[in-house]
$ cat input03.cif   # mmCIF, C-alpha atoms and all ligand atoms
data_model
#
loop_
_atom_site.label_atom_id
_atom_site.label_comp_id
_atom_site.auth_asym_id
_atom_site.auth_seq_id
_atom_site.Cartn_x
_atom_site.Cartn_y
_atom_site.Cartn_z
CA MET A 1 0.00 0.00 0.00
CA GLU A 2 1.21 3.47 -0.87
CA PHE A 3 0.91 6.63 1.22
CA PHE A 4 -0.58 9.95 0.20
CA ILE A 5 -0.88 12.84 2.64
CA ASP A 6 -4.32 14.42 3.09
CA THR A 7 -3.51 18.10 3.50
CA ALA A 8 -3.03 21.40 1.66
CA ASN A 9 -0.41 22.58 4.16
CA LEU A 10 2.94 23.02 2.40
CA ASP A 11 5.03 22.69 5.58
CA GLU A 12 3.37 19.38 6.44
CA ILE A 13 3.94 18.08 2.90
CA ARG A 14 7.58 19.25 2.93
CA GLU A 15 8.25 17.52 6.26
CA ILE A 16 6.65 14.20 5.36
CA LYS A 17 8.27 14.21 1.91
CA GLU A 18 11.62 14.06 3.71
CA TRP A 19 10.65 10.67 5.14
CA GLY A 20 10.82 9.22 1.63
CA ILE A 21 7.45 7.48 1.87
CA LEU A 22 5.18 9.95 0.11
CA SER A 23 3.60 8.93 -3.20
CA GLY A 24 1.00 11.69 -3.56
CA VAL A 25 -1.23 14.33 -1.98
CA THR A 26 -4.99 14.76 -1.67
CA THR A 27 -6.69 18.09 -0.99
CA ASN A 28 -10.32 19.12 -0.77
CA PRO A 29 -12.10 22.50 -0.46
CA SER A 30 -12.17 22.24 3.37
CA LEU A 31 -8.42 21.59 3.53
CA ILE A 32 -7.69 24.49 1.18
CA ALA A 33 -9.96 26.79 3.25
CA LYS A 34 -8.04 25.77 6.39
CA GLU A 35 -4.92 27.37 4.88
CA GLY A 36 -6.57 30.81 5.05
CA ASP A 37 -6.15 33.49 2.42
CA VAL A 38 -4.43 31.45 -0.29
CA GLU A 39 -4.95 31.14 -4.03
CA PHE A 40 -6.27 27.62 -4.76
CA GLU A 41 -4.44 27.16 -8.08
CA ASP A 42 -1.26 28.56 -6.58
CA VAL A 43 -1.30 26.06 -3.68
CA ILE A 44 -1.93 23.17 -6.07
CA LYS A 45 0.92 24.33 -8.32
CA GLN A 46 3.34 24.48 -5.40
CA ILE A 47 2.32 20.99 -4.30
CA THR A 48 2.73 19.57 -7.81
CA GLU A 49 6.25 20.97 -7.91
CA MET A 50 7.08 19.52 -4.51
CA VAL A 51 5.71 15.98 -4.95
CA PRO A 52 6.01 14.15 -8.29
CA GLY A 53 3.12 11.74 -7.59
CA PRO A 54 -0.63 12.29 -8.10
CA ILE A 55 -1.99 15.52 -6.55
CA SER A 56 -5.78 15.62 -6.14
CA ALA A 57 -7.52 18.97 -6.62
CA GLU A 58 -11.29 19.08 -6.23
CA VAL A 59 -13.85 20.81 -8.45
CA ILE A 60 -16.61 22.98 -6.97
CA SER A 61 -19.25 22.80 -9.75
CA LEU A 62 -22.15 20.44 -9.33
CA GLU A 63 -23.04 20.13 -13.04
CA ALA A 64 -20.97 17.94 -15.37
CA GLU A 65 -20.27 20.77 -17.77
CA GLY A 66 -18.89 23.02 -15.03
CA MET A 67 -16.86 20.17 -13.55
CA VAL A 68 -15.27 19.42 -16.92
CA LYS A 69 -14.47 23.08 -17.49
CA GLU A 70 -12.82 23.42 -14.06
CA ALA A 71 -11.01 20.11 -14.53
CA ARG A 72 -9.47 21.13 -17.85
CA GLU A 73 -8.09 24.31 -16.25
CA LEU A 74 -6.76 22.48 -13.18
CA ALA A 75 -5.15 19.80 -15.36
CA LYS A 76 -3.07 22.53 -17.03
CA ILE A 77 -1.32 23.22 -13.70
CA GLY A 78 0.79 20.07 -13.93
CA ASP A 79 0.99 16.59 -15.44
CA ASN A 80 0.48 15.06 -12.01
CA VAL A 81 -2.80 16.83 -11.23
CA VAL A 82 -5.72 14.48 -10.59
CA ILE A 83 -9.23 15.92 -10.61
CA LYS A 84 -11.38 15.11 -7.62
CA ILE A 85 -14.99 14.70 -8.66
CA PRO A 86 -17.91 14.10 -6.29
CA MET A 87 -19.81 10.80 -6.59
CA THR A 88 -23.03 11.99 -8.27
CA PRO A 89 -24.68 11.25 -11.65
CA GLU A 90 -23.24 14.55 -12.94
CA GLY A 91 -19.87 13.56 -11.52
CA LEU A 92 -19.93 10.21 -13.34
CA SER A 93 -20.71 11.98 -16.59
CA ALA A 94 -17.78 14.37 -16.03
CA VAL A 95 -15.47 11.43 -15.27
CA LYS A 96 -16.46 9.75 -18.55
CA THR A 97 -15.62 12.90 -20.52
CA LEU A 98 -12.37 13.56 -18.68
CA SER A 99 -11.20 9.98 -18.91
CA ALA A 100 -11.72 10.09 -22.70
CA GLU A 101 -9.48 13.19 -22.74
CA GLY A 102 -6.79 11.43 -20.72
CA ILE A 103 -7.40 13.56 -17.60
CA LYS A 104 -7.03 11.52 -14.42
CA THR A 105 -9.85 11.56 -11.86
CA ASN A 106 -10.38 10.67 -8.21
CA VAL A 107 -14.05 10.06 -7.43
CA THR A 108 -14.59 11.32 -3.92
CA LEU A 109 -17.28 10.97 -1.23
CA VAL A 110 -17.71 7.27 -1.95
CA PHE A 111 -19.81 5.61 0.75
CA SER A 112 -20.92 2.35 -0.93
CA ALA A 113 -19.33 -0.36 -3.05
CA ASN A 114 -21.96 0.24 -5.75
CA GLN A 115 -20.81 3.85 -6.00
CA ALA A 116 -17.20 2.66 -6.35
CA LEU A 117 -18.14 0.21 -9.10
CA LEU A 118 -20.06 2.90 -11.00
CA ALA A 119 -17.14 5.31 -10.70
CA ALA A 120 -14.72 2.66 -11.97
CA ARG A 121 -16.94 1.87 -14.94
CA ALA A 122 -17.17 5.59 -15.79
CA GLY A 123 -13.37 5.57 -16.06
CA ALA A 124 -12.17 6.86 -12.68
CA THR A 125 -8.44 6.54 -12.06
CA PHE A 126 -9.01 6.47 -8.29
CA VAL A 127 -11.98 6.05 -5.95
CA SER A 128 -11.96 7.41 -2.41
CA PRO A 129 -14.07 5.53 0.14
CA PHE A 130 -14.48 7.70 3.27
CA VAL A 131 -13.79 5.36 6.16
CA GLY A 132 -13.94 7.72 9.15
CA ARG A 133 -17.18 9.43 8.12
CA LEU A 134 -18.89 6.01 7.91
CA ASP A 135 -17.55 5.08 11.35
CA ASP A 136 -18.96 8.43 12.57
CA ILE A 137 -22.50 7.26 11.77
CA GLY A 138 -22.05 3.87 13.42
CA MET A 139 -21.13 1.93 10.27
CA ASP A 140 -18.03 -0.14 9.53
CA GLY A 141 -16.01 2.10 7.20
CA MET A 142 -13.29 -0.47 6.64
CA GLN A 143 -15.81 -3.09 5.49
CA LEU A 144 -16.46 -0.76 2.56
CA VAL A 145 -12.78 -0.80 1.58
CA LYS A 146 -12.74 -4.61 1.81
CA ASP A 147 -15.86 -4.90 -0.36
CA ILE A 148 -14.47 -2.57 -3.03
CA ALA A 149 -11.12 -4.40 -3.04
CA ASP A 150 -12.91 -7.76 -3.45
CA ILE A 151 -15.11 -6.52 -6.29
CA PHE A 152 -12.27 -4.80 -8.15
CA LYS A 153 -10.24 -8.02 -7.87
CA ILE A 154 -13.05 -10.22 -9.23
CA PHE A 155 -13.42 -8.04 -12.32
CA ASN A 156 -9.75 -7.06 -12.75
CA ILE A 157 -10.68 -3.40 -12.41
CA GLU A 158 -7.64 -1.15 -12.62
CA THR A 159 -9.15 1.81 -10.73
CA LYS A 160 -7.06 2.34 -7.59
CA ILE A 161 -8.61 2.49 -4.13
CA ILE A 162 -7.59 5.41 -1.91
CA SER A 163 -8.73 4.83 1.68
CA ALA A 164 -9.74 8.32 2.80
CA SER A 165 -11.13 10.01 5.91
CA ILE A 166 -8.47 8.21 7.94
CA ARG A 167 -8.62 9.13 11.63
CA HIS A 168 -5.98 7.01 13.40
CA PRO A 169 -3.12 4.55 12.77
CA GLU A 170 -5.42 1.54 13.20
CA HIS A 171 -7.36 2.72 10.14
CA VAL A 172 -4.13 2.68 8.12
CA LEU A 173 -3.25 -0.84 9.21
CA ALA A 174 -6.77 -2.07 8.46
CA ALA A 175 -6.69 -0.37 5.03
CA ALA A 176 -3.46 -2.19 4.17
CA LYS A 177 -4.91 -5.53 5.31
CA ALA A 178 -8.08 -4.86 3.33
CA GLY A 179 -6.04 -4.50 0.12
CA SER A 180 -6.36 -0.75 -0.35
CA ASP A 181 -3.89 0.47 -2.99
CA ILE A 182 -3.34 3.76 -1.18
CA ALA A 183 -4.20 5.40 2.14
CA THR A 184 -4.39 9.17 2.22
CA VAL A 185 -3.34 9.99 5.74
CA PRO A 186 -3.53 13.26 7.70
CA TYR A 187 -0.23 14.68 9.02
CA ASP A 188 -1.01 13.99 12.70
CA VAL A 189 -1.83 10.34 11.98
CA LEU A 190 1.44 9.89 10.05
CA LYS A 191 3.31 11.33 13.02
CA LYS A 192 1.56 8.87 15.34
CA MET A 193 2.39 5.95 13.01
CA VAL A 194 6.11 6.56 13.12
CA LYS A 195 6.30 6.66 16.92
CA HIS A 196 6.57 3.73 19.33
CA PRO A 197 7.56 4.07 23.01
CA LYS A 198 9.64 0.88 22.80
CA THR A 199 11.64 2.38 19.91
CA ASP A 200 12.40 5.49 21.98
CA GLU A 201 13.24 3.37 25.01
CA GLY A 202 15.49 1.14 22.89
CA ILE A 203 17.44 4.09 21.49
CA GLU A 204 17.90 5.52 24.98
CA ARG A 205 19.19 2.21 26.31
CA PHE A 206 21.59 1.67 23.38
CA LEU A 207 23.01 5.16 23.86
CA ALA A 208 23.32 4.75 27.63
CA ASP A 209 25.11 1.40 27.19
CA TRP A 210 27.39 2.93 24.57
CA GLU A 211 28.30 5.80 26.89
CA SER A 212 29.00 3.44 29.81
CA ARG A 213 31.38 1.13 27.90
CA ASN A 214 34.90 0.72 29.27
C1 LIG A 301 -10.07 12.55 0.94
O1 LIG A 301 -9.54 12.70 -0.12
C2 LIG A 301 -10.57 13.64 1.82
O2 LIG A 301 -9.79 14.77 1.59
C3 LIG A 301 -10.44 13.34 3.29
O3 LIG A 301 -9.84 12.09 3.53
C4 LIG A 301 -11.67 13.63 4.08
O4 LIG A 301 -11.44 13.29 5.42
P1 LIG A 301 -12.34 13.83 6.64
O5 LIG A 301 -13.54 12.95 6.74
O6 LIG A 301 -11.45 13.69 7.83
O7 LIG A 301 -12.69 15.26 6.31
#
$ encode --input "input03.cif" --output "structure tokens"
Amino acid sequence: MEFFIDTANLDEIREIKEWGILSGVTTNPSLIAKEGDVEFEDVIKQITEMVPGPISAEVISLEAEGMVKEARELAKIGDNVVIKIPMTPEGLSAVKTLSAEGIKTNVTLVFSANQALLAARAGATFVSPFVGRLDDIGMDGMQLVKDIADIFKIFNIETKIISASIRHPEHVLAAAKAGSDIATVPYDVLKKMVKHPKTDEGIERFLADWESRN
């Protein structure tokens, strides 16, 4: 499983990129808004220059025509831009058009395996099942990832699964076990994943022993 970071914060991306584990970035309108008074296209451009992998930028339009128009403009920012399209009938239609033009798409706000299958058949490059938001309403978000992975395997579907709305390290582990191609992980969860008290304790003991040698 590969790792994307789910943020529009350039410092967070820069820091995690240094770990050498980052394959891409996902943003959404909420994450961009969190960055304050910034120019959307400018932030996306800076991210595309920082990380060579797929960078998801989301459209705002709700009609297919508007989505396609926005997508064509966003795609000009860089070869690695992926257009995030919401999972609606209009969104599917936009995905079909964009995929025929060779523009990569990430169908977002996926909450059922049927939605994922429809998105894949429309030509989506990626689908993003939202694990945490399903857990929030008392459902099993990870079961959705497992179902999509099973279905895509049965039919040899090439659309990649991005486990999204990840809230804690256990989600990441479960996504990997479920066969998710990618997990898009918030900065704070990545930081938690890298830490283990026994690692810190081990380093301390090795150093203390080294210092006390004769
Ligand atoms: C995915 O691409 C979304 O940006 C993100 O994972 C949404 O997560 P949230 O439910 O924590 O907002």
$ residues_near_ligand --input "input03.cif" --ligand "ligand LIG 301 (chain A)" --cutoff "6 Å" --atoms "all atoms listed in the file" --output "list in words"
Asp6, Thr26, Thr27, Asn28, Gly132, Arg133, Ala164 and Ser165 of chain A
$ atom_distance --input "input03.cif" --atom1 "atom CA of A:Val131" --atom2 "atom CA of A:Ala116"
13.2 Å
$ atom_distance --input "input03.cif" --atom1 "atom CA of A:Asn156" --atom2 "atom CA of A:Val81"
24.9 Å
$ atom_distance --input "input03.cif" --atom1 "atom CA of A:Phe155" --atom2 "atom CA of A:Ala124"
15.0 Å
$ residues_around --input "input03.cif" --residues "A:Ser23" --least-positions-apart "2" --cutoff "6 Å" --atoms "only C-alpha atoms" --output "PyMOL selection string"
chain A and resi 3-4+53
$ closest_residue --input "input03.cif" --among "A:Ala8, A:Ala175, A:Val127, A:Met1" --to "A:Tyr187" --atoms "only C-alpha atoms"
A:Ala8
$ residues_around --input "input03.cif" --residues "stretch 31-43 of chain A" --least-positions-apart "6" --cutoff "12 Å" --atoms "all atoms listed in the file" --output "list of chain:residue names"
A:Ile5, A:Asp6, A:Thr7, A:Ala8, A:Asn9, A:Leu10, A:Asp11, A:Glu12, A:Ile13, A:Val25, A:Glu49, A:Met50, A:Ile55, A:Ser56, A:Ala57, A:Glu58, A:Val59, A:Ile60, A:Glu70, A:Ala71, A:Glu73, A:Leu74, A:Ala75, A:Lys76, A:Ile77, A:Gly78, A:Val81, A:Pro186
$ residues_around --input "input03.cif" --residues "A:Asp150" --least-positions-apart "3" --cutoff "12 Å" --atoms "only C-alpha atoms" --output "PyMOL selection string"
chain A and resi 113+116-117+143-147+153-157+161+178-180
$ residues_around --input "input03.cif" --residues "A:Ile85" --least-positions-apart "6" --cutoff "6 Å" --atoms "all atoms listed in the file" --output "PyMOL selection string"
chain A and resi 91+107-108
$ residues_near_point --input "input03.cif" --point "(-5.8, 3.1, -2.6)" --cutoff "7 Å" --atoms "only C-alpha atoms" --output "mmCIF file with C-alpha atoms, in the frame of the given file"
data_model
loop_
_atom_site.group_PDB
_atom_site.id
_atom_site.type_symbol
_atom_site.label_atom_id
_atom_site.label_comp_id
_atom_site.auth_asym_id
_atom_site.auth_seq_id
_atom_site.Cartn_x
_atom_site.Cartn_y
_atom_site.Cartn_z
ATOM 1 C CA LYS A 160 -7.060 2.340 -7.590
ATOM 2 C CA ILE A 161 -8.610 2.490 -4.130
ATOM 3 C CA ILE A 162 -7.590 5.410 -1.910
ATOM 4 C CA SER A 163 -8.730 4.830 1.680
ATOM 5 C CA SER A 180 -6.360 -0.750 -0.350
ATOM 6 C CA ASP A 181 -3.890 0.470 -2.990
ATOM 7 C CA ILE A 182 -3.340 3.760 -1.180
ATOM 8 C CA ALA A 183 -4.200 5.400 2.140
#
$ closest_residue --input "input03.cif" --among "A:Ile47, A:Glu158, A:Leu98, A:Leu92" --to "A:Arg72" --atoms "all atoms listed in the file"
A:Leu98
$ residues_near_point --input "input03.cif" --point "(-19.0, 10.7, -1.1)" --cutoff "7 Å" --atoms "only C-alpha atoms" --output "PyMOL selection string"
chain A and resi 86-87+108-111+130
$ closest_residue --input "input03.cif" --among "A:Asn114, A:Gly141, A:Leu190, A:Ser93" --to "A:Ile16" --atoms "only C-alpha atoms"
A:Leu190
$ closest_residue --input "input03.cif" --among "A:Val189, A:Val172, A:Ile44, A:Ile103" --to "A:Val82" --atoms "only C-alpha atoms"
A:Ile103
